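Novice: Sharing a structure with you now.
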Amino acid sequence: MRDIAVVGAGMAGCTLARRLVDAGLNVQVFDKGRAAGGRMATRRADRLQFDHGVQYMTVRGEAMAAQLADWRRAGVAAAWAPVGLDTSPRWVGVPGMNAIAPRMLWGAEVHMETAITGFGRDHLGWWLETAQGRLPACFDAVLVTLPAPQAAVLFGRCTDVDVAAFADAMPCIRYAPCWALMLSFDTRLDAADCLRPAAGGVLGWAARDSSKPQRDGAPDCWVIHAAPTWSQQHLELTVEQIQPLLLEAFLSAVGATTAPSLCRAHRWRFARVVEALGRECVWDADSKLGYASDGCLGERVEDAFDSANALADRVLQGGGPAPKAEGG
Ligand SMILES: Cc1cc2nc3c(=O)[nH]c(=O)nc-3n(C[C@H](O)[C@H](O)[C@H](O)COP(=O)(O)OP(=O)(O)OC[C@H]3O[C@@H](n4cnc5c(N)ncnc54)[C@H](O)[C@@H]3O)c2cc1C
């Protein structure tokens with residue numbers, strides 16, 4: 001096995017790329033977004049930046065601890081100690097959450113703004129297609145790392161191979177949506193860096209993004225996340241309708257009346273896993289098709305990382321790289 005396609009460049013796709021490149025395989029990564037990282041995202045607007053998806057990472061297992069040590073050595077992750085939360089260790093990408101992905105993807109061939117719309121297999125191997133048609137490459141294995149509802153669409157279009165194990169697994173994974181609001185204020189708000197409002201209201205979380213390390217501390221940039229139930233109830237409103245609702249809830253939570261200089265909303269349809277598959281990954285050793293994501297194990301970055309590592313183990317057990325031709 002030599003040529004691997006990874007669909008999706010979030011934490012799961014990036015982890016697969018890192019492991020398989022390190023093992024000597026040729027890895028191509030395809031993602032529909034403009035920047036790698038998936039939900040580990042940083043939005044730039046009017047020369048300001050906001051981590052509007054993942055807020056911080058925590059570390060439980062040894063593998064993630066080793067990975068974090070590598071990120072810290074490379075200068076792409078640092079500790080964040082916000083005022084208003086307990087002092088347990090929290091880690092963020094620097095200078096933005098999306099700084100982690102490029103470090104992981106080194107050595108892989110990365111195709112951004114490339115939405116995969118289908119895949120299948122013929123006598124040459126696996127092929128992928130986009131809205132423009134079939135890509136001019138074939139692969140020994142395809143590893144899908146999309147949120148389950150998006151992966152289900154792809155598996156549903158694959159008719160060349162029996163993908164029942166994948167199609168059956170995807171509906172078991174369920175996500176809650178999240179409306180996010182990015183705010184900037186010219187004058188610093190008189191508030192702690194983090195608010196965790198009581199359950200049952202509009203807000204689920206609010207954090208001063210500019211209190212993270214290596215962010216430009218002024219002006220005062222905030223990321224607000226609506227509570228999951230509220231987000232679900234208001235999922236189909238437009239960003240223009242959502243912005244004033246979340247802004248009002250936030251200002252009243254911090255007791256401020258200041259108008260923000262920037263106010264943008266973003267909808268995450270598949271934000272946090274609420275029901276995981278309960279298996280590390282899905283792998284068919286015969287066809288060499290695999291699935292990994294946070295949805296296999298839980299709701300955190302480390303779950304996506306662990307799931308992808310488990311899939312990388314299966315892929316590498318299933319056949320390492322063919323020896324490279326001399327001088328090739
Ligand atoms: C608002 C929010 C807050 C969060 N807060 C935290 C937190 O504080 N701590 C924490 O640990 N976790 C948090 N999470 C969860 C965390 O983001 C995820 O667990 C983790 O990032 C998932 O990684 P992944 O690789 O499985 O999926 P993703 O990051 O979703 O990656 C999937 C990738 O697939 C791409 N894609 C989708 N469809 C296609 C297609 N057809 N073709 C090509 N590419 C495609 C997407 O562009 C994306 O890059 C949060 C998530 C959100 C949204």
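Residue names in the structure tokens use chain letters A, B, ... in the order shown, residue numbers from 1 in each chain, and ligand numbers from 1 in the order shown.
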Apply DSSP to the backbone of this structure and, from segment 138-309 of chain A, keep only the residues in alpha helix (DSSP H); write these as a PyMOL selection string.
Specialist: chain A and resi 148-156+164-169+228-233+239-254+294-297+301-309
Novice: Extract, using only C-alpha atoms, all DNA, RNA and protein residues at most 7 Å from Val223 of chain A, discarding same-chain residues fewer than 4 positions from it, and format them as a compact mmCIF listing (two decimals) with N, CA, C and O atoms, in the first residue's frame.
Specialist:
# COMPACT_ATOMS: atom_id res chain seq x y z
N PHE A 50 -10.48 35.67 15.30
CA PHE A 50 -11.36 35.02 16.29
C PHE A 50 -11.28 33.51 16.11
O PHE A 50 -11.45 33.01 14.99
N HIS A 52 -13.44 30.91 16.28
CA HIS A 52 -14.91 30.86 16.45
C HIS A 52 -15.43 29.42 16.61
O HIS A 52 -16.59 29.22 16.88
N ALA A 180 -22.30 30.77 16.64
CA ALA A 180 -21.18 31.50 17.25
C ALA A 180 -21.29 32.97 16.86
O ALA A 180 -21.74 33.30 15.76
N LEU A 181 -20.89 33.84 17.78
CA LEU A 181 -20.89 35.28 17.48
C LEU A 181 -19.50 35.83 17.78
O LEU A 181 -18.92 35.55 18.84
N MET A 182 -18.96 36.58 16.82
CA MET A 182 -17.66 37.22 17.00
C MET A 182 -17.89 38.72 17.21
O MET A 182 -18.58 39.35 16.41
N LEU A 183 -17.32 39.24 18.29
CA LEU A 183 -17.53 40.65 18.64
C LEU A 183 -16.20 41.32 18.90
O LEU A 183 -15.30 40.71 19.50
N ALA A 206 -18.92 32.31 26.70
CA ALA A 206 -18.40 33.56 26.13
C ALA A 206 -16.97 33.72 26.61
O ALA A 206 -16.69 33.50 27.79
N ALA A 207 -16.07 34.05 25.71
CA ALA A 207 -14.66 34.18 26.10
C ALA A 207 -14.02 35.35 25.38
O ALA A 207 -14.32 35.63 24.21
N ARG A 208 -13.15 36.00 26.12
CA ARG A 208 -12.35 37.09 25.53
C ARG A 208 -11.23 36.44 24.72
O ARG A 208 -10.23 35.98 25.26
N ASP A 209 -11.44 36.36 23.40
CA ASP A 209 -10.48 35.69 22.53
C ASP A 209 -9.12 36.38 22.58
O ASP A 209 -8.08 35.75 22.46
Novice: What's the separation between atom CA of Arg2 of chain A and atom CA of Leu143 of chain A, in Å to one decimal place?
Specialist: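 Separation of atom CA of Arg2 of chain A and atom CA of Leu143 of chain A: 13.3 Å.
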Novice: Residues at most 6 Å from ligand 1, using only C-alpha atoms and all ligand atoms? Could they come as a VMD selection string?
Specialist: chain A and resid 7 to 13 30 to 33 36 to 40 53 to 57 114 to 117 145 to 147 150 178 268 271 to 272 293 to 294 299 to 301 304
Novice: Figure out the distance between atom CA of Leu311 of chain A and atom CA of Ala74 of chain A, please, to one decimal in Å.
Specialist: 25.2 Å
Novice: When you draw a straight line from atom CA of Thr130 of chain A to atom CA of Arg279 of chain A, how long is it in Å?
Specialist: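 Here the two named atoms are 29.4 Å from each other.
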